[in-house]
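Peer 1: My file is work_36.txt. It has compact mmCIF, C-alpha atoms and all ligand atoms:
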```txt
# COMPACT_ATOMS: atom_id res chain seq x y z
CA MET A 1 108.54 116.43 86.43
CA ARG A 2 112.13 117.53 85.90
CA GLN A 3 110.98 119.85 83.10
CA ALA A 4 108.15 121.28 85.19
CA MET A 5 110.60 121.87 88.02
CA ALA A 6 113.06 123.67 85.75
CA GLN A 7 110.33 125.90 84.35
CA ALA A 8 108.43 126.57 87.58
CA GLU A 9 107.36 130.11 88.31
CA VAL A 10 108.53 130.91 91.86
CA GLY A 11 108.25 133.49 94.64
CA ASP A 12 108.82 133.59 98.40
CA ASP A 13 106.50 131.01 99.92
CA VAL A 14 107.08 132.21 103.49
CA TYR A 15 105.23 135.34 102.34
CA GLY A 16 102.66 133.19 100.47
CA GLU A 17 104.01 134.55 97.19
CA ASP A 18 105.11 131.42 95.35
CA PRO A 19 102.49 130.88 92.63
CA THR A 20 103.43 127.23 92.05
CA VAL A 21 103.18 126.35 95.74
CA ASN A 22 99.86 128.20 95.90
CA LEU A 23 98.60 126.25 92.87
CA LEU A 24 99.67 122.95 94.42
CA GLU A 25 98.05 123.76 97.77
CA ARG A 26 94.81 124.83 96.05
CA THR A 27 94.70 121.81 93.76
CA ALA A 28 95.41 119.37 96.59
CA ALA A 29 92.75 120.97 98.79
CA GLU A 30 90.20 120.65 95.98
CA ARG A 31 91.08 116.98 95.40
CA LEU A 32 90.69 116.18 99.08
CA GLY A 33 87.54 118.28 99.47
CA LYS A 34 89.10 120.60 102.04
CA GLU A 35 89.18 124.37 102.29
CA ALA A 36 92.93 124.96 102.32
CA GLY A 37 96.31 123.27 101.97
CA LEU A 38 99.88 123.56 103.21
CA PHE A 39 102.99 122.26 101.47
CA VAL A 40 105.50 120.59 103.81
CA VAL A 41 108.75 118.74 103.24
CA SER A 42 107.64 115.29 104.38
CA GLY A 43 104.81 113.14 105.65
CA SER A 44 106.36 113.19 109.10
CA MET A 45 106.39 116.99 109.12
CA GLY A 46 102.78 116.95 107.90
CA ASN A 47 101.75 114.77 110.84
CA LEU A 48 103.82 116.87 113.26
CA VAL A 49 102.27 120.20 112.26
CA SER A 50 98.79 118.67 112.17
CA VAL A 51 98.98 117.12 115.63
CA LEU A 52 100.48 120.30 117.08
CA ALA A 53 97.79 122.39 115.42
CA TRP A 54 95.12 120.28 117.17
CA CYS A 55 96.70 119.51 120.56
CA GLY A 56 98.25 121.69 123.24
CA ARG A 57 101.05 120.58 125.56
CA GLY A 58 99.91 117.86 127.93
CA GLU A 59 96.91 116.99 125.77
CA GLU A 60 96.65 113.60 124.15
CA ALA A 61 96.00 111.98 120.80
CA ILE A 62 94.60 108.48 120.41
CA LEU A 63 96.00 106.36 117.60
CA GLY A 64 96.54 102.75 116.56
CA MET A 65 99.41 100.80 118.13
CA ASP A 66 101.03 100.12 114.73
CA ASP A 67 100.54 103.59 113.24
CA HIS A 68 103.48 105.24 111.52
CA LEU A 69 102.93 108.34 113.63
CA LEU A 70 103.54 106.31 116.78
CA VAL A 71 106.16 103.84 115.63
CA ASN A 72 108.26 105.62 113.02
CA GLU A 73 108.28 109.35 113.65
CA MET A 74 110.82 109.60 116.47
CA GLY A 75 108.22 110.64 119.04
CA ALA A 76 108.29 114.08 117.40
CA VAL A 77 104.88 115.26 118.58
CA SER A 78 105.88 114.45 122.17
CA ALA A 79 109.42 115.78 121.87
CA PHE A 80 108.52 119.07 120.19
CA GLY A 81 104.92 119.62 121.24
CA GLY A 82 104.51 117.88 124.60
CA VAL A 83 101.65 115.86 123.11
CA HIS A 84 100.91 112.57 124.81
CA LEU A 85 100.29 109.67 122.42
CA ARG A 86 97.79 107.09 123.60
CA PRO A 87 97.93 103.91 121.46
CA VAL A 88 94.98 101.54 121.31
CA PRO A 89 95.01 97.99 119.89
CA SER A 90 94.34 97.59 116.19
CA ASP A 91 93.73 94.51 114.04
CA ARG A 92 96.12 93.07 111.45
CA ARG A 93 94.91 95.61 108.87
CA GLY A 94 95.73 98.40 111.32
CA LEU A 95 92.08 99.15 112.09
CA MET A 96 91.10 100.27 115.59
CA ASP A 97 87.84 99.44 117.23
CA ALA A 98 85.33 102.13 118.26
CA ALA A 99 84.81 100.49 121.65
CA ALA A 100 88.57 100.57 122.34
CA ILE A 101 88.65 104.27 121.49
CA GLU A 102 85.63 104.90 123.70
CA ALA A 103 87.37 103.11 126.57
CA THR A 104 90.56 105.14 126.11
CA VAL A 105 89.18 108.67 125.95
CA SER A 106 90.08 110.45 129.16
CA PRO A 107 87.23 111.49 131.39
CA ASP A 108 87.22 115.18 132.29
CA GLY A 109 89.21 116.34 135.21
CA MET A 110 92.32 114.64 136.47
CA PHE A 111 93.51 113.16 133.15
CA PRO A 112 95.08 114.67 130.01
CA ARG A 113 92.37 116.02 127.72
CA THR A 114 91.96 113.71 124.71
CA ALA A 115 91.97 116.22 121.87
CA LEU A 116 92.54 114.13 118.76
CA LEU A 117 92.00 110.80 117.03
CA CYS A 118 94.59 109.88 114.37
CA LEU A 119 93.83 107.42 111.56
CA GLU A 120 96.11 105.97 108.87
CA ASN A 121 94.84 105.22 105.34
CA THR A 122 96.24 103.19 103.66
CA HIS A 123 97.80 101.49 106.63
CA ASN A 124 101.51 100.87 106.15
CA ARG A 125 102.05 98.16 108.79
CA GLY A 126 98.60 96.78 108.02
CA ASN A 127 99.81 95.49 104.64
CA GLY A 128 98.68 98.65 102.84
CA ALA A 129 95.04 98.12 103.89
CA ALA A 130 92.63 100.61 102.31
CA PHE A 131 89.75 101.72 104.51
CA SER A 132 86.46 103.02 103.14
CA ALA A 133 84.75 105.98 104.78
CA ASP A 134 82.09 103.57 106.07
CA GLU A 135 84.72 101.44 107.83
CA LEU A 136 86.18 104.48 109.56
CA ARG A 137 82.94 106.26 110.43
CA PRO A 138 82.26 104.37 113.71
CA LEU A 139 85.69 105.53 114.90
CA THR A 140 85.24 109.13 113.83
CA GLU A 141 81.73 109.27 115.26
CA THR A 142 83.12 108.14 118.61
CA ALA A 143 85.70 110.92 118.39
CA ALA A 144 83.02 113.47 117.56
CA GLU A 145 80.90 112.39 120.54
CA HIS A 146 83.85 113.34 122.75
CA GLY A 147 84.57 116.65 121.01
CA MET A 148 87.82 115.33 119.52
CA ALA A 149 89.18 116.37 116.14
CA VAL A 150 90.17 113.67 113.62
CA HIS A 151 93.46 113.70 111.70
CA MET A 152 94.06 111.24 108.88
CA ASP A 153 97.62 110.26 108.01
CA GLY A 154 96.75 109.68 104.38
CA ALA A 155 100.36 109.31 103.22
CA ARG A 156 98.96 106.91 100.60
CA ILE A 157 95.35 108.09 100.45
CA PHE A 158 95.48 108.09 96.64
CA ASN A 159 96.33 104.37 96.75
CA ALA A 160 93.26 103.84 98.92
CA SER A 161 91.15 105.91 96.54
CA VAL A 162 92.29 103.97 93.46
CA ALA A 163 91.99 100.57 95.19
CA LEU A 164 88.47 101.29 96.45
CA GLY A 165 87.36 103.14 93.32
CA VAL A 166 86.15 106.19 95.24
CA PRO A 167 87.29 109.83 95.10
CA PRO A 168 89.94 110.76 97.66
CA ALA A 169 87.61 113.48 98.98
CA GLU A 170 85.15 110.77 100.06
CA LEU A 171 87.84 109.09 102.16
CA ALA A 172 89.04 112.42 103.54
CA SER A 173 85.50 113.49 104.44
CA VAL A 174 85.58 111.57 107.73
CA ALA A 175 88.59 113.58 108.96
CA ASP A 176 89.05 117.23 109.91
CA SER A 177 92.62 117.23 108.59
CA VAL A 178 94.53 115.00 106.20
CA THR A 179 98.14 114.65 105.11
CA PHE A 180 99.29 112.89 101.97
CA CYS A 181 102.73 112.30 100.49
CA LEU A 182 103.84 113.31 97.02
CA SER A 183 107.06 111.39 97.45
CA LYS A 184 105.71 107.83 97.67
CA GLY A 185 103.57 106.28 94.89
CA LEU A 186 103.03 109.72 93.39
CA SER A 187 106.75 109.65 92.56
CA CYS A 188 107.91 113.17 93.45
CA PRO A 189 111.40 113.72 94.83
CA VAL A 190 110.09 115.50 97.93
CA GLY A 191 107.00 116.91 99.60
CA SER A 192 103.70 116.30 101.34
CA LEU A 193 100.47 118.24 101.76
CA VAL A 194 98.40 119.05 104.83
CA LEU A 195 94.72 119.81 104.17
CA GLY A 196 91.88 121.08 106.31
CA SER A 197 89.83 124.15 107.12
CA ALA A 198 91.38 127.58 106.50
CA ASP A 199 91.59 128.11 110.24
CA PHE A 200 93.35 124.77 110.86
CA VAL A 201 95.80 125.36 107.99
CA ALA A 202 96.64 128.83 109.36
CA ARG A 203 97.56 127.19 112.69
CA ALA A 204 99.52 124.43 110.93
CA ARG A 205 101.38 127.09 108.91
CA ARG A 206 102.57 128.74 112.13
CA VAL A 207 103.78 125.38 113.47
CA ARG A 208 105.55 124.67 110.17
CA LYS A 209 107.46 127.97 110.55
CA MET A 210 108.24 127.11 114.17
CA ALA A 211 109.64 123.75 113.06
CA GLY A 212 111.92 125.44 110.53
CA GLY A 213 109.78 124.22 107.65
CA GLY A 214 109.10 127.58 106.00
CA MET A 215 110.54 127.41 102.50
CA ARG A 216 111.34 130.21 100.08
CA GLN A 217 111.29 129.48 96.31
CA ALA A 218 109.68 126.12 96.96
CA GLY A 219 107.82 126.24 93.64
CA ILE A 220 110.73 124.29 92.19
CA ILE A 221 109.70 121.21 94.19
CA ALA A 222 105.97 122.01 94.25
CA ALA A 223 105.97 121.89 90.43
CA ALA A 224 106.62 118.16 90.60
CA GLY A 225 103.60 117.83 92.89
CA VAL A 226 101.34 119.56 90.39
CA VAL A 227 102.45 117.05 87.73
CA ALA A 228 101.91 114.19 90.21
CA LEU A 229 98.30 115.15 90.90
CA GLU A 230 97.60 115.42 87.17
CA GLU A 231 99.47 112.39 85.88
CA MET A 232 100.51 109.95 88.58
CA VAL A 233 97.29 109.02 90.36
CA GLU A 234 95.49 106.66 87.97
CA ARG A 235 98.63 104.64 87.34
CA LEU A 236 98.74 103.57 91.01
CA ALA A 237 96.48 100.72 89.82
CA ASP A 238 99.56 99.26 88.05
CA ASP A 239 101.44 99.21 91.37
CA HIS A 240 98.55 97.38 92.99
CA ALA A 241 98.43 94.81 90.17
CA ASN A 242 102.20 94.32 90.48
CA ALA A 243 101.95 93.87 94.26
CA GLN A 244 99.31 91.17 93.65
CA ARG A 245 101.53 89.47 91.09
CA LEU A 246 104.39 89.53 93.58
CA ALA A 247 102.22 88.25 96.44
CA ARG A 248 100.90 85.35 94.38
CA GLY A 249 104.44 84.37 93.39
CA LEU A 250 105.76 84.66 96.94
CA ALA A 251 102.92 82.60 98.40
CA GLY A 252 104.30 79.46 96.72
CA LEU A 253 107.82 79.79 98.09
CA PRO A 254 109.15 77.76 101.04
CA GLY A 255 109.35 79.49 104.42
CA LEU A 256 107.31 82.54 103.39
CA VAL A 257 103.96 83.07 105.06
CA LEU A 258 101.42 85.36 103.39
CA ASP A 259 97.96 85.39 101.92
CA PRO A 260 97.77 87.33 98.63
CA ALA A 261 94.20 88.32 99.57
CA ASP A 262 95.72 90.47 102.33
CA VAL A 263 97.53 92.63 99.78
CA GLU A 264 95.08 95.44 99.04
CA THR A 265 97.34 98.08 97.48
CA ASN A 266 101.09 98.41 96.81
CA ILE A 267 102.55 97.01 100.05
CA CYS A 268 103.24 93.34 100.58
CA TYR A 269 104.47 92.11 103.96
CA VAL A 270 105.80 88.57 104.21
CA GLU A 271 106.28 86.70 107.46
CA LEU A 272 109.22 84.35 107.71
CA ALA A 273 108.58 80.90 109.15
CA ASP A 274 112.21 80.96 110.24
CA GLY A 275 115.16 83.35 110.08
CA GLU A 276 115.65 87.10 110.34
CA GLY A 277 114.07 89.61 107.94
CA ARG A 278 117.18 91.76 107.96
CA ASP A 279 119.30 88.85 106.65
CA LEU A 280 116.84 88.04 103.88
CA ALA A 281 116.68 91.71 102.83
CA ALA A 282 120.50 91.86 102.77
CA ALA A 283 120.71 88.71 100.63
CA LEU A 284 118.10 90.12 98.24
CA LYS A 285 119.95 93.41 97.96
CA GLU A 286 122.97 91.53 96.65
CA ARG A 287 120.71 90.32 93.85
CA GLY A 288 119.33 93.77 93.08
CA VAL A 289 116.01 93.41 94.94
CA LEU A 290 115.41 96.13 97.53
CA ALA A 291 113.11 95.37 100.46
CA ASN A 292 112.83 96.29 104.13
CA GLY A 293 113.41 93.49 106.59
CA ARG A 294 113.37 93.25 110.36
CA GLN A 295 112.60 90.60 112.98
CA ASN A 296 110.43 87.95 111.29
CA TRP A 297 109.18 90.02 108.36
CA VAL A 298 110.15 91.54 105.02
CA ARG A 299 108.21 94.34 103.31
CA PHE A 300 108.07 94.78 99.55
CA VAL A 301 106.64 97.94 97.96
CA THR A 302 105.79 98.39 94.28
CA HIS A 303 106.07 101.77 92.59
CA TYR A 304 106.54 103.71 89.37
CA GLY A 305 109.36 102.26 87.29
CA ILE A 306 108.74 98.69 88.49
CA THR A 307 107.14 96.68 85.69
CA SER A 308 105.51 93.25 85.72
CA GLU A 309 108.75 91.91 84.13
CA ASP A 310 110.67 93.37 87.07
CA ILE A 311 108.31 91.55 89.43
CA ASP A 312 109.05 88.26 87.67
CA GLU A 313 112.77 88.97 87.88
CA ALA A 314 112.43 89.80 91.59
CA LEU A 315 110.48 86.57 92.15
CA ASP A 316 113.30 84.59 90.51
CA ALA A 317 115.86 86.22 92.80
CA ILE A 318 113.72 85.75 95.93
CA SER A 319 113.03 82.15 95.01
CA THR A 320 116.76 81.43 94.61
CA VAL A 321 117.59 83.01 97.98
CA VAL A 322 114.80 81.38 100.03
CA ARG A 323 115.30 77.95 98.44
CA ALA A 324 119.05 78.16 99.17
CA SER A 325 118.43 79.08 102.81
CA ALA A 326 115.73 76.35 103.14
CA SER A 327 118.21 73.74 101.86
CA VAL A 328 120.85 74.92 104.41
CA ARG A 329 118.33 74.37 107.21
C1 LIG A 401 101.73 105.94 106.75
C2 LIG A 401 102.90 106.86 106.69
N1 LIG A 401 102.81 108.09 107.22
C3 LIG A 401 103.82 108.97 107.19
C4 LIG A 401 105.01 108.62 106.60
C5 LIG A 401 106.13 109.61 106.65
O1 LIG A 401 106.51 110.10 105.42
P1 LIG A 401 107.96 110.76 105.24
O2 LIG A 401 108.90 109.62 105.05
O3 LIG A 401 107.77 111.62 104.03
O4 LIG A 401 108.25 111.55 106.46
C6 LIG A 401 105.17 107.35 106.04
C7 LIG A 401 106.46 106.95 105.42
O5 LIG A 401 106.67 105.83 105.07
C8 LIG A 401 104.09 106.44 106.09
O6 LIG A 401 104.18 105.20 105.59
```
Let me see the structure of the file written as structure tokens.
Peer 2:
Amino acid sequence: MRQAMAQAEVGDDVYGEDPTVNLLERTAAERLGKEAGLFVVSGSMGNLVSVLAWCGRGEEAILGMDDHLLVNEMGAVSAFGGVHLRPVPSDRRGLMDAAAIEATVSPDGMFPRTALLCLENTHNRGNGAAFSADELRPLTETAAEHGMAVHMDGARIFNASVALGVPPAELASVADSVTFCLSKGLSCPVGSLVLGSADFVARARRVRKMAGGGMRQAGIIAAAGVVALEEMVERLADDHANAQRLARGLAGLPGLVLDPADVETNICYVELADGEGRDLAAALKERGVLANGRQNWVRFVTHYGITSEDIDEALDAISTVVRASASVR
């Protein structure tokens, strides 16, 4: 990637003249089975420009109550675009129910027009759950019946594709627009893609410029994305196998609550029977194991550069820390 970045052919992408960005956008659109693509700096910016390309001020988007777009993106679509977010309950995998969506869509008239349904695949807070097109279709059909567009936050759609053994385009086919991140399992330093029809991408491109996201010689970072799409997708299976190995090891440790069967891709959430996730994460950091922790949970994510030996080493460290804190209690 570093070599490709150093050698990238570049131009001014605000004028659509960066050949490497154009190649990345074309390649990503082909992979996802969409007409056009747009390179953005982050998954959050991808979601922002997508939602604002679909919804006007005072219109609303329905999404799951644990979706990243709702919980982790600083309310950006509301702050910058005046878009009202309407969460509906979802299950522990992060999946909404068609009936709940049906019941939430605003009737015409005195309520904000429901313009969009947002989906997340894989689902971050849902333990990295990977949803097939068939699982999502009842939701997207409900949206279609109400004239709503469908946006998929596919930050990790390639993980879903590898886990389910289906092409990413099949998963993206149920949505009108999709974002995915280059900077997560695909291992790039920066960047995400927004894909959809040429008309949608033209609108998203205007919003990107409005948000200060127009980049000039961005081919330098897009070059890493081209390498990622060629070389970093199939290996996501290793991350999934490592997450399973980790989950199976963690399941035997005192005070940790998880079922390895719930780990579908590269994300492994663990519930703590007792204690604070932040404290456990801090104790693990001292032993060289990085994890996110809050309230009663800790989240582990596997990625490129983490080997099965690293997982065993991490398990040793985690075991030492949780056994020590169990003996204190
Ligand atoms: C499901 C999902 N969507 C979007 C994002 C946002 O990506 P970024 O951190 O590049 O803004 C994340 C980041 O973790 C995510 O997990």
Peer 1: Neighbours of A:Ile221 within 9 Å (only C-alpha atoms; same-chain residues fewer than 4 positions away dropped), as a PyMOL selection string?
Peer 2: chain A and resi 5+8+20-21+188-191+217+225
Peer 1: Could you check how far atom CA of A:Ala247 sits from atom CA of A:Leu136, in Å to one decimal?
Peer 2: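 Between atom CA of A:Ala247 and atom CA of A:Leu136 the gap is 26.3 Å.
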Peer 1: Can I get the residues close to ligand LIG 401 (chain A) as a list in words, where close means within 8 Å and we count all atoms listed in the file?
Peer 2: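 Listed by chain and ascending number, the contacts are Val41, Ser42, Gly43, Ser44, Met45, Gly46, Asn47, Asp67, His68, Leu69, Asn72, Glu73, Glu120, Asn121, Thr122, His123, Asn124, Asp153, Gly154, Ala155, Arg156, Phe180, Cys181, Ser183, Lys184, Val190, Gly191 and Ser192 of chain A.
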Peer 1: As an exercise, work out the distance from atom CA of A:Asp312 to atom CA of A:Met1 in Å and give it to one decimal place.
Peer 2: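 Between these atoms lies a distance of 28.2 Å.
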Peer 1: Between atom CA of A:Ala163 and atom CA of A:Ala251, what is the spacing in Å?
Peer 2: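 These atoms are spaced 21.3 Å apart.
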Peer 1: Using only C-alpha atoms, which protein or nucleic acid residues come within 10 Å of A:Tyr304? Drop anything in the same chain fewer than 2 positions from it, and give the result as a ChimeraX atom specification.
Peer 2: /A:184-187,232,235-236,238-239,302,306-307
Peer 1: From the set A:Val226, A:Ala326, A:Val88, A:Ile318, which residue has the shortest atom-to-atom contact distance to A:Ala28, counting all atoms listed in the file?
Peer 2: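 Of the candidates, the smallest distance to A:Ala28 is held by A:Val226.
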Peer 1: Which is closest to A:Asp91 among A:Ile220, A:Ser106, A:Asp66, A:Val71, if we use only C-alpha atoms?
Peer 2: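 Closest candidate: A:Asp66.
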Peer 1: Measuring atom to atom with only C-alpha atoms, identify which of A:Leu119, A:Ala241, A:Ala283, A:Met210 is nearest to A:Ile267.
Peer 2: A:Ala241
Peer 1: I'd like the contact shell of A:Leu258 - 12 Å cut-off, all atoms listed in the file, skipping same-chain residues fewer than 5 positions apart - returned as a PDB file with C-alpha atoms, keeping the file's coordinate frame.
Peer 2:
```
ATOM      1  CA  ASN A 127      99.810  95.490 104.640  1.00  0.00           C
ATOM      2  CA  GLN A 244      99.310  91.170  93.650  1.00  0.00           C
ATOM      3  CA  LEU A 246     104.390  89.530  93.580  1.00  0.00           C
ATOM      4  CA  ALA A 247     102.220  88.250  96.440  1.00  0.00           C
ATOM      5  CA  ARG A 248     100.900  85.350  94.380  1.00  0.00           C
ATOM      6  CA  GLY A 249     104.440  84.370  93.390  1.00  0.00           C
ATOM      7  CA  LEU A 250     105.760  84.660  96.940  1.00  0.00           C
ATOM      8  CA  ALA A 251     102.920  82.600  98.400  1.00  0.00           C
ATOM      9  CA  GLY A 252     104.300  79.460  96.720  1.00  0.00           C
ATOM     10  CA  LEU A 253     107.820  79.790  98.090  1.00  0.00           C
ATOM     11  CA  VAL A 263      97.530  92.630  99.780  1.00  0.00           C
ATOM     12  CA  CYS A 268     103.240  93.340 100.580  1.00  0.00           C
ATOM     13  CA  TYR A 269     104.470  92.110 103.960  1.00  0.00           C
ATOM     14  CA  VAL A 270     105.800  88.570 104.210  1.00  0.00           C
ATOM     15  CA  GLU A 271     106.280  86.700 107.460  1.00  0.00           C
ATOM     16  CA  LEU A 272     109.220  84.350 107.710  1.00  0.00           C
ATOM     17  CA  ALA A 273     108.580  80.900 109.150  1.00  0.00           C
ATOM     18  CA  TRP A 297     109.180  90.020 108.360  1.00  0.00           C
ATOM     19  CA  VAL A 298     110.150  91.540 105.020  1.00  0.00           C
ATOM     20  CA  ARG A 299     108.210  94.340 103.310  1.00  0.00           C
TER      21      ARG A 299
END
```
Peer 1: Please report as JSON lines every residue of stretch 140-230 of chain A lying within 10 Å of stretch 32-38 of chain A, along with the nearest atom pair and their distance in Å (one decimal), using only C-alpha atoms.
Peer 2:
```
{"residue": "A:Ile157", "atom": "CA", "partner": "A:Leu32", "partner_atom": "CA", "distance": 9.4}
{"residue": "A:Phe158", "atom": "CA", "partner": "A:Leu32", "partner_atom": "CA", "distance": 9.7}
{"residue": "A:Pro167", "atom": "CA", "partner": "A:Leu32", "partner_atom": "CA", "distance": 8.2}
{"residue": "A:Pro168", "atom": "CA", "partner": "A:Leu32", "partner_atom": "CA", "distance": 5.7}
{"residue": "A:Ala169", "atom": "CA", "partner": "A:Leu32", "partner_atom": "CA", "distance": 4.1}
{"residue": "A:Glu170", "atom": "CA", "partner": "A:Leu32", "partner_atom": "CA", "distance": 7.8}
{"residue": "A:Leu171", "atom": "CA", "partner": "A:Leu32", "partner_atom": "CA", "distance": 8.2}
{"residue": "A:Ala172", "atom": "CA", "partner": "A:Leu32", "partner_atom": "CA", "distance": 6.1}
{"residue": "A:Ser173", "atom": "CA", "partner": "A:Gly33", "partner_atom": "CA", "distance": 7.2}
{"residue": "A:Ala175", "atom": "CA", "partner": "A:Lys34", "partner_atom": "CA", "distance": 9.9}
{"residue": "A:Asp176", "atom": "CA", "partner": "A:Lys34", "partner_atom": "CA", "distance": 8.6}
{"residue": "A:Ser177", "atom": "CA", "partner": "A:Lys34", "partner_atom": "CA", "distance": 8.2}
{"residue": "A:Val178", "atom": "CA", "partner": "A:Leu32", "partner_atom": "CA", "distance": 8.2}
{"residue": "A:Thr179", "atom": "CA", "partner": "A:Leu38", "partner_atom": "CA", "distance": 9.3}
{"residue": "A:Phe180", "atom": "CA", "partner": "A:Leu32", "partner_atom": "CA", "distance": 9.7}
{"residue": "A:Ser192", "atom": "CA", "partner": "A:Leu38", "partner_atom": "CA", "distance": 8.4}
{"residue": "A:Leu193", "atom": "CA", "partner": "A:Leu38", "partner_atom": "CA", "distance": 5.5}
{"residue": "A:Val194", "atom": "CA", "partner": "A:Leu38", "partner_atom": "CA", "distance": 5.0}
{"residue": "A:Leu195", "atom": "CA", "partner": "A:Gly37", "partner_atom": "CA", "distance": 4.4}
{"residue": "A:Gly196", "atom": "CA", "partner": "A:Lys34", "partner_atom": "CA", "distance": 5.1}
{"residue": "A:Ser197", "atom": "CA", "partner": "A:Glu35", "partner_atom": "CA", "distance": 4.9}
{"residue": "A:Ala198", "atom": "CA", "partner": "A:Ala36", "partner_atom": "CA", "distance": 5.2}
{"residue": "A:Asp199", "atom": "CA", "partner": "A:Ala36", "partner_atom": "CA", "distance": 8.6}
{"residue": "A:Phe200", "atom": "CA", "partner": "A:Ala36", "partner_atom": "CA", "distance": 8.6}
{"residue": "A:Val201", "atom": "CA", "partner": "A:Ala36", "partner_atom": "CA", "distance": 6.4}
{"residue": "A:Ala202", "atom": "CA", "partner": "A:Leu38", "partner_atom": "CA", "distance": 8.7}
{"residue": "A:Ala204", "atom": "CA", "partner": "A:Leu38", "partner_atom": "CA", "distance": 7.8}
{"residue": "A:Arg205", "atom": "CA", "partner": "A:Leu38", "partner_atom": "CA", "distance": 6.9}
{"residue": "A:Arg208", "atom": "CA", "partner": "A:Leu38", "partner_atom": "CA", "distance": 9.0}
```
Peer 1: Can you work out which one of A:Ser132, A:Asn159, A:Thr140, A:Ser50 has the shortest atom-to-atom distance to A:Val174, counting all atoms listed in the file?
Peer 2: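 Among the listed residues, the smallest separation from A:Val174 belongs to A:Thr140.
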Peer 1: Quick one: residues within 10 Å of A:Asp13, all atoms listed in the file, excluding same-chain residues fewer than 5 positions away - as a list of chain:residue names?
Peer 2: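 My list of contacting residues is A:Asp18, A:Pro19, A:Thr20, A:Val21, A:Asn22, A:Phe39, A:Gly214, A:Met215, A:Arg216, A:Gln217, A:Ala218, A:Gly219.
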Peer 1: Give me a file of those residues, with C-alpha atoms, as a CSV table (one decimal), keeping the file's coordinate frame.
Peer 2:
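Resulting contents of result_28.csv:
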```csv
chain,number,residue,atom,x,y,z
A,18,ASP,CA,105.1,131.4,95.4
A,19,PRO,CA,102.5,130.9,92.6
A,20,THR,CA,103.4,127.2,92.0
A,21,VAL,CA,103.2,126.4,95.7
A,22,ASN,CA,99.9,128.2,95.9
A,39,PHE,CA,103.0,122.3,101.5
A,214,GLY,CA,109.1,127.6,106.0
A,215,MET,CA,110.5,127.4,102.5
A,216,ARG,CA,111.3,130.2,100.1
A,217,GLN,CA,111.3,129.5,96.3
A,218,ALA,CA,109.7,126.1,97.0
A,219,GLY,CA,107.8,126.2,93.6
```
